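Next up, run29.pdb (PDB, C-alpha atoms):
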MODEL        1
ATOM      1  CA  MET T   1      33.980 -12.241 -37.921
ATOM      2  CA  GLU T   2      37.129 -11.106 -36.157
ATOM      3  CA  ASN T   3      37.328 -12.053 -32.500
ATOM      4  CA  VAL T   4      37.531  -9.053 -30.213
ATOM      5  CA  GLU T   5      38.797  -9.293 -26.662
ATOM      6  CA  ILE T   6      36.725  -7.145 -24.351
ATOM      7  CA  LYS T   7      38.190  -6.141 -21.029
ATOM      8  CA  PHE T   8      36.173  -4.981 -18.046
ATOM      9  CA  ARG T   9      37.635  -3.104 -15.106
ATOM     10  CA  LYS T  10      34.633  -4.092 -12.990
ATOM     11  CA  THR T  11      32.072  -6.858 -13.180
ATOM     12  CA  PHE T  12      28.419  -5.906 -13.673
ATOM     13  CA  ALA T  13      27.609  -6.754 -10.034
ATOM     14  CA  GLN T  14      30.504  -4.633  -8.767
ATOM     15  CA  ALA T  15      29.424  -1.691 -10.930
ATOM     16  CA  ILE T  16      25.825  -1.868  -9.707
ATOM     17  CA  ASP T  17      26.872  -2.111  -6.041
ATOM     18  CA  PHE T  18      29.278   0.829  -6.356
ATOM     19  CA  LEU T  19      26.820   3.052  -8.190
ATOM     20  CA  ARG T  20      24.013   2.254  -5.741
ATOM     21  CA  ALA T  21      26.278   3.026  -2.785
ATOM     22  CA  ASN T  22      26.947   6.432  -4.340
ATOM     23  CA  GLY T  23      23.287   7.295  -4.837
ATOM     24  CA  PHE T  24      22.895   6.238  -8.454
ATOM     25  CA  ASP T  25      20.441   3.343  -8.485
ATOM     26  CA  VAL T  26      20.660   1.788 -11.945
ATOM     27  CA  THR T  27      18.346  -1.099 -11.118
ATOM     28  CA  LYS T  28      15.347  -1.372  -8.824
ATOM     29  CA  SER T  29      14.887  -3.987  -6.179
ATOM     30  CA  PRO T  30      11.519  -5.723  -6.579
ATOM     31  CA  ARG T  31       8.566  -4.604  -4.508
ATOM     32  CA  PRO T  32       8.054  -6.627  -1.328
ATOM     33  CA  ALA T  33       6.346  -9.930  -2.060
ATOM     34  CA  VAL T  34       3.315 -11.130  -0.103
ATOM     35  CA  LYS T  35       2.963 -14.885  -0.463
ATOM     36  CA  ILE T  36       1.150 -16.263   2.554
ATOM     37  CA  GLU T  37       0.447 -19.950   2.893
ATOM     38  CA  HIS T  38      -2.917 -20.782   4.488
ATOM     39  CA  ALA T  39      -4.068 -17.207   3.818
ATOM     40  CA  LYS T  40      -7.696 -17.988   4.697
ATOM     41  CA  TYR T  41      -6.679 -19.286   8.127
ATOM     42  CA  PHE T  42      -4.845 -16.047   8.886
ATOM     43  CA  LEU T  43      -7.579 -13.846   7.438
ATOM     44  CA  ASP T  44     -10.335 -15.527   9.443
ATOM     45  CA  ASN T  45      -8.478 -15.882  12.725
ATOM     46  CA  VAL T  46      -6.657 -12.569  12.799
ATOM     47  CA  GLY T  47      -9.820 -10.789  11.668
ATOM     48  CA  MET T  48     -11.847 -12.471  14.382
ATOM     49  CA  ARG T  49      -9.321 -11.624  17.119
ATOM     50  CA  ILE T  50      -8.997  -7.993  16.066
ATOM     51  CA  LEU T  51     -12.749  -7.489  15.895
ATOM     52  CA  LYS T  52     -13.053  -9.057  19.332
ATOM     53  CA  GLU T  53     -10.371  -6.712  20.680
ATOM     54  CA  CYS T  54     -12.340  -3.802  19.179
ATOM     55  CA  GLY T  55     -15.533  -5.027  20.812
ATOM     56  CA  GLN T  56     -17.186  -5.882  17.500
ATOM     57  CA  GLU T  57     -18.872  -9.026  16.259
ATOM     58  CA  TRP T  58     -17.123 -11.149  13.632
ATOM     59  CA  HIS T  59     -18.430 -10.853  10.100
ATOM     60  CA  LYS T  60     -17.039 -12.062   6.796
ATOM     61  CA  ILE T  61     -14.363  -9.848   5.236
ATOM     62  CA  ASN T  62     -15.734  -7.901   2.270
ATOM     63  CA  ALA T  63     -14.341  -8.982  -1.149
ATOM     64  CA  GLU T  64     -12.875 -12.044   0.591
ATOM     65  CA  GLU T  65     -11.923 -14.044  -2.515
ATOM     66  CA  GLU T  66     -10.015 -11.137  -4.060
ATOM     67  CA  ILE T  67      -8.301 -10.407  -0.751
ATOM     68  CA  LEU T  68      -7.291 -14.064  -0.366
ATOM     69  CA  SER T  69      -5.904 -14.066  -3.900
ATOM     70  CA  TRP T  70      -3.735 -11.042  -3.087
ATOM     71  CA  LEU T  71      -2.562 -12.489   0.230
ATOM     72  CA  THR T  72      -1.606 -15.763  -1.476
ATOM     73  CA  ASP T  73       0.431 -13.961  -4.155
ATOM     74  CA  ASN T  74       0.417 -10.189  -4.546
ATOM     75  CA  THR T  75       2.364 -10.451  -7.861
ATOM     76  CA  ASN T  76       4.500  -7.513  -6.699
ATOM     77  CA  LEU T  77       1.496  -5.180  -6.583
ATOM     78  CA  GLY T  78       0.070  -3.176  -3.721
ATOM     79  CA  LEU T  79      -3.627  -2.628  -3.095
ATOM     80  CA  ALA T  80      -6.160   0.096  -3.809
ATOM     81  CA  LEU T  81      -9.247  -0.663  -1.726
ATOM     82  CA  MET T  82     -12.164   1.361  -3.060
ATOM     83  CA  GLY T  83     -15.819   1.612  -2.118
ATOM     84  CA  GLY T  84     -18.300   3.426   0.069
ATOM     85  CA  CYS T  85     -18.074   4.269   3.757
ATOM     86  CA  GLY T  86     -18.161   1.722   6.558
ATOM     87  CA  ASN T  87     -17.670  -1.503   4.593
ATOM     88  CA  GLY T  88     -14.429  -2.694   6.161
ATOM     89  CA  LYS T  89     -11.649  -1.134   4.060
ATOM     90  CA  THR T  90      -9.962   0.664   6.937
ATOM     91  CA  LEU T  91     -10.346  -2.241   9.340
ATOM     92  CA  PHE T  92      -8.676  -4.587   6.878
ATOM     93  CA  ALA T  93      -5.934  -2.250   5.655
ATOM     94  CA  MET T  94      -4.950  -0.574   8.928
ATOM     95  CA  LYS T  95      -5.420  -3.384  11.433
ATOM     96  CA  ILE T  96      -5.868  -6.872   9.991
ATOM     97  CA  LEU T  97      -3.399  -6.723   7.101
ATOM     98  CA  PRO T  98      -0.429  -5.225   9.007
ATOM     99  CA  THR T  99      -0.927  -7.840  11.724
ATOM    100  CA  ILE T 100      -0.971 -10.711   9.217
ATOM    101  CA  ILE T 101       2.112  -9.374   7.419
ATOM    102  CA  TYR T 102       4.033  -9.034  10.676
ATOM    103  CA  MET T 103       2.988 -12.485  11.906
ATOM    104  CA  THR T 104       4.065 -14.173   8.663
ATOM    105  CA  SER T 105       7.155 -12.138   7.716
ATOM    106  CA  GLU T 106       8.133  -9.905  10.681
ATOM    107  CA  ARG T 107       7.867  -6.878   8.375
ATOM    108  CA  VAL T 108       6.396  -3.724   9.888
ATOM    109  CA  CYS T 109       4.053  -1.594   7.768
ATOM    110  CA  GLY T 110       4.117   2.189   7.848
ATOM    111  CA  CYS T 111       0.480   3.087   8.495
ATOM    112  CA  CYS T 112      -1.320   6.404   8.827
ATOM    113  CA  HIS T 113      -4.413   8.340   7.831
ATOM    114  CA  VAL T 114      -3.736  10.482   4.769
ATOM    115  CA  ARG T 115      -4.427  13.669   6.760
ATOM    116  CA  GLN T 116      -1.591  12.724   9.144
ATOM    117  CA  LEU T 117       0.878  11.928   6.360
ATOM    118  CA  HIS T 118       2.677  15.281   6.481
ATOM    119  CA  ASP T 119       3.276  15.057  10.238
ATOM    120  CA  LYS T 120       4.213  11.362  10.220
ATOM    121  CA  TRP T 121       6.203  11.450   6.990
ATOM    122  CA  GLY T 122       9.542  10.281   8.423
ATOM    123  CA  GLU T 123       7.944   7.489  10.420
ATOM    124  CA  VAL T 124       5.975   6.163   7.446
ATOM    125  CA  ILE T 125       8.358   6.586   4.509
ATOM    126  CA  LYS T 126      11.162   4.523   6.049
ATOM    127  CA  ARG T 127       9.080   1.354   5.670
ATOM    128  CA  ASP T 128       8.964  -0.834   2.563
ATOM    129  CA  ILE T 129       5.214  -1.464   2.920
ATOM    130  CA  LEU T 130       3.049   1.641   3.308
ATOM    131  CA  VAL T 131      -0.635   1.743   4.253
ATOM    132  CA  ILE T 132      -2.436   5.056   3.733
ATOM    133  CA  ASP T 133      -6.067   5.351   4.811
ATOM    134  CA  ASP T 134      -8.853   7.524   3.382
ATOM    135  CA  VAL T 135      -6.913   8.863   0.394
ATOM    136  CA  GLY T 136      -8.583  11.878  -1.185
ATOM    137  CA  THR T 137      -9.952  13.411   2.013
ATOM    138  CA  GLU T 138      -6.910  15.566   2.762
ATOM    139  CA  GLU T 139      -6.353  19.244   2.021
ATOM    140  CA  MET T 140      -3.248  20.717   0.408
ATOM    141  CA  VAL T 141      -0.348  21.401   2.745
ATOM    142  CA  ASN T 142       1.090  24.927   2.655
ATOM    143  CA  GLU T 143       4.805  24.668   3.384
ATOM    144  CA  TYR T 144       6.920  27.807   3.082
ATOM    145  CA  GLY T 145       4.353  29.237   0.673
ATOM    146  CA  ILE T 146       4.340  26.141  -1.531
ATOM    147  CA  LYS T 147       1.093  24.195  -1.671
ATOM    148  CA  HIS T 148       1.289  20.477  -2.335
ATOM    149  CA  TYR T 149      -0.262  17.097  -1.569
ATOM    150  CA  PRO T 150       2.116  14.852   0.428
ATOM    151  CA  PHE T 151       0.304  11.818  -0.991
ATOM    152  CA  MET T 152       1.391  12.721  -4.519
ATOM    153  CA  GLU T 153       4.997  12.845  -3.338
ATOM    154  CA  LEU T 154       4.536   9.507  -1.585
ATOM    155  CA  VAL T 155       3.262   7.868  -4.781
ATOM    156  CA  ASN T 156       6.313   9.154  -6.668
ATOM    157  CA  ILE T 157       8.695   7.767  -4.045
ATOM    158  CA  CYS T 158       6.909   4.403  -3.968
ATOM    159  CA  GLU T 159       7.233   4.163  -7.729
ATOM    160  CA  GLU T 160      10.893   5.174  -7.741
ATOM    161  CA  LYS T 161      11.916   3.000  -4.771
ATOM    162  CA  ASN T 162       9.532   0.102  -5.508
ATOM    163  CA  LYS T 163       7.837   0.314  -2.140
ATOM    164  CA  LEU T 164       4.583  -1.603  -1.705
ATOM    165  CA  LEU T 165       1.680   0.848  -1.431
ATOM    166  CA  ILE T 166      -1.713  -0.008   0.037
ATOM    167  CA  ILE T 167      -4.465   2.606   0.145
ATOM    168  CA  THR T 168      -8.116   2.894   1.055
ATOM    169  CA  THR T 169     -10.366   5.478  -0.560
ATOM    170  CA  ASN T 170     -14.041   6.321  -0.946
ATOM    171  CA  LEU T 171     -13.269   7.874  -4.341
ATOM    172  CA  ASN T 172     -13.489   6.130  -7.688
ATOM    173  CA  GLY T 173     -10.807   6.290 -10.362
ATOM    174  CA  GLU T 174     -12.100   9.429 -12.064
ATOM    175  CA  GLU T 175     -12.398  11.241  -8.740
ATOM    176  CA  LEU T 176      -8.828  10.287  -7.819
ATOM    177  CA  ARG T 177      -7.588  11.571 -11.170
ATOM    178  CA  ASN T 178      -9.388  14.882 -10.581
ATOM    179  CA  LYS T 179      -8.106  15.156  -6.995
ATOM    180  CA  TYR T 180      -4.468  14.741  -7.949
ATOM    181  CA  ASP T 181      -3.279  14.531 -11.562
ATOM    182  CA  GLU T 182      -2.978  12.108 -14.482
ATOM    183  CA  ARG T 183       0.619  11.183 -13.656
ATOM    184  CA  THR T 184      -0.126  10.298 -10.033
ATOM    185  CA  TYR T 185      -3.216   8.325 -11.012
ATOM    186  CA  SER T 186      -1.303   6.434 -13.717
ATOM    187  CA  ARG T 187       1.473   5.506 -11.286
ATOM    188  CA  LEU T 188      -1.058   4.478  -8.670
ATOM    189  CA  ARG T 189      -2.824   2.178 -11.128
ATOM    190  CA  GLY T 190       0.475   0.652 -12.217
ATOM    191  CA  MET T 191       1.546  -0.106  -8.641
ATOM    192  CA  THR T 192      -1.663  -1.498  -7.164
ATOM    193  CA  ARG T 193      -4.403  -4.033  -7.650
ATOM    194  CA  THR T 194      -7.868  -2.499  -7.272
ATOM    195  CA  ILE T 195     -10.412  -4.268  -5.078
ATOM    196  CA  VAL T 196     -13.867  -2.736  -4.687
ATOM    197  CA  PHE T 197     -15.592  -3.219  -1.331
ATOM    198  CA  LYS T 198     -19.349  -3.310  -1.707
ATOM    199  CA  GLY T 199     -22.294  -3.476   0.640
ATOM    200  CA  LYS T 200     -23.967  -1.419   3.343
ATOM    201  CA  ASP T 201     -22.305   0.964   5.762
ATOM    202  CA  ASN T 202     -21.659  -1.502   8.590
ATOM    203  CA  ARG T 203     -21.310   1.299  11.138
ATOM    204  CA  ILE T 204     -24.847   2.524  10.428
ATOM    205  CA  TYR T 205     -26.232  -0.965   9.960
ATOM    206  CA  GLY T 206     -24.587  -2.172  13.146
ATOM    207  CA  ASN T 207     -26.143   0.627  15.211
ATOM    208  CA  GLU T 208     -29.570   0.008  13.676
ATOM    209  CA  HIS T 209     -29.222  -3.708  14.293
ATOM    210  CA  LYS T 210     -28.347  -3.161  17.984
ATOM    211  CA  ALA T 211     -31.237  -0.731  18.436
TER     212      ALA T 211
ENDMDL
END
What does this structure look like when you write it as structure tokens?
Amino acid sequence: MENVEIKFRKTFAQAIDFLRANGFDVTKSPRPAVKIEHAKYFLDNVGMRILKECGQEWHKINAEEEILSWLTDNTNLGLALMGGCGNGKTLFAMKILPTIIYMTSERVCGCCHVRQLHDKWGEVIKRDILVIDDVGTEEMVNEYGIKHYPFMELVNICEEKNKLLIITTNLNGEELRNKYDERTYSRLRGMTRTIVFKGKDNRIYGNEHKA
């Protein structure tokens, strides 16, 4: 075979850097990695301190083994915490997890309830790790006559920019698909690891137990 001399004006790395700087992102940076050594120590101790600060008694984190597996190595996936009301999803996602991530990596999570997402959009979307609570409970936003769900737009951006998305929801997979659409649900499944929180409503149980 005849030898052919191939000349490049730019190296691959130079081409990628130039194109990215001009808004054309050929490649994606990987999603933020969560690889925490001694994950159980952090889960137990941070959880205990936060519950104490909230005036609550310490109890074992629901789905602890699956949570510890994710904290040890998230394999570039976010989290979809599903299950009924009052079993610890919000406490873990909105308080314990962001604290552990900051303590071990100094990364700040963008956290908000899904019904506040439209108002806090700029504050949340600038982060690489996003935590959205109670997905599926929000109404459509009417903006200049156009109705839309900000959460659907957030999922698209997380997929395009490889942001790490963590959600809590009381809905199951079929209910999420019906709330949004097949495309959003497919992207959500591809970006997250599902963990189902089971058990009683601790808010109700706790009040009955104190009574």
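Counting only C-alpha atoms and comparing T:Glu106, T:Glu175, T:Asp25, T:Glu143, the residue that lies closest to Ile129 in chain T is T:Glu106.
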The PyMOL selection byres ((chain T and resi 114-127) around 8) applied to the shown file, residues as a list in words: Val108, Cys109, Gly110, Cys111, Cys112, His113, Asp128, Ile129, Leu130, Ile132, Asp133, Asp134, Val135, Gly136, Thr137, Glu138, Glu139, Val141, Pro150, Phe151, Leu154 and Lys163 of chain T
Protein, DNA and RNA residues within 10 Å of (-5.7, -8.0, -1.8), all atoms listed in the file, as JSON, numbers by chain: {"T": [34, 63, 64, 65, 66, 67, 68, 69, 70, 71, 72, 73, 74, 77, 78, 79, 80, 81, 92, 93, 97, 166, 192, 193, 194, 195]}
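Going from CA of Tyr180 in chain T over to CA of Leu91 in chain T, you cover 24.9 Å.
Residue nearest Asn172 in chain T, chosen from T:Met82, T:Asn87, T:Val155, T:Lys147 and counting only C-alpha atoms: T:Met82.
Distances here use only C-alpha atoms; by that measure, the residue among T:Val131, T:Gly23, T:Gly84, T:Leu51 closest to Pro98 in chain T is T:Val131.
For the choices T:Leu171, T:Tyr149, T:Ser29, T:Met48, the atom-to-atom distance to Thr184 in chain T is smallest for T:Tyr149 when using all atoms listed in the file.
Between CA of Ser186 in chain T and CA of Thr90 in chain T the interatomic distance comes to 23.1 Å.
What separates CA of Gln56 in chain T from CA of Ile167 in chain T is a distance of 23.1 Å.
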Closest of T:Leu43, T:Ala13, T:Met94, T:Val196 to Val26 in chain T - atom-to-atom distances counting all atoms listed in the file: T:Ala13
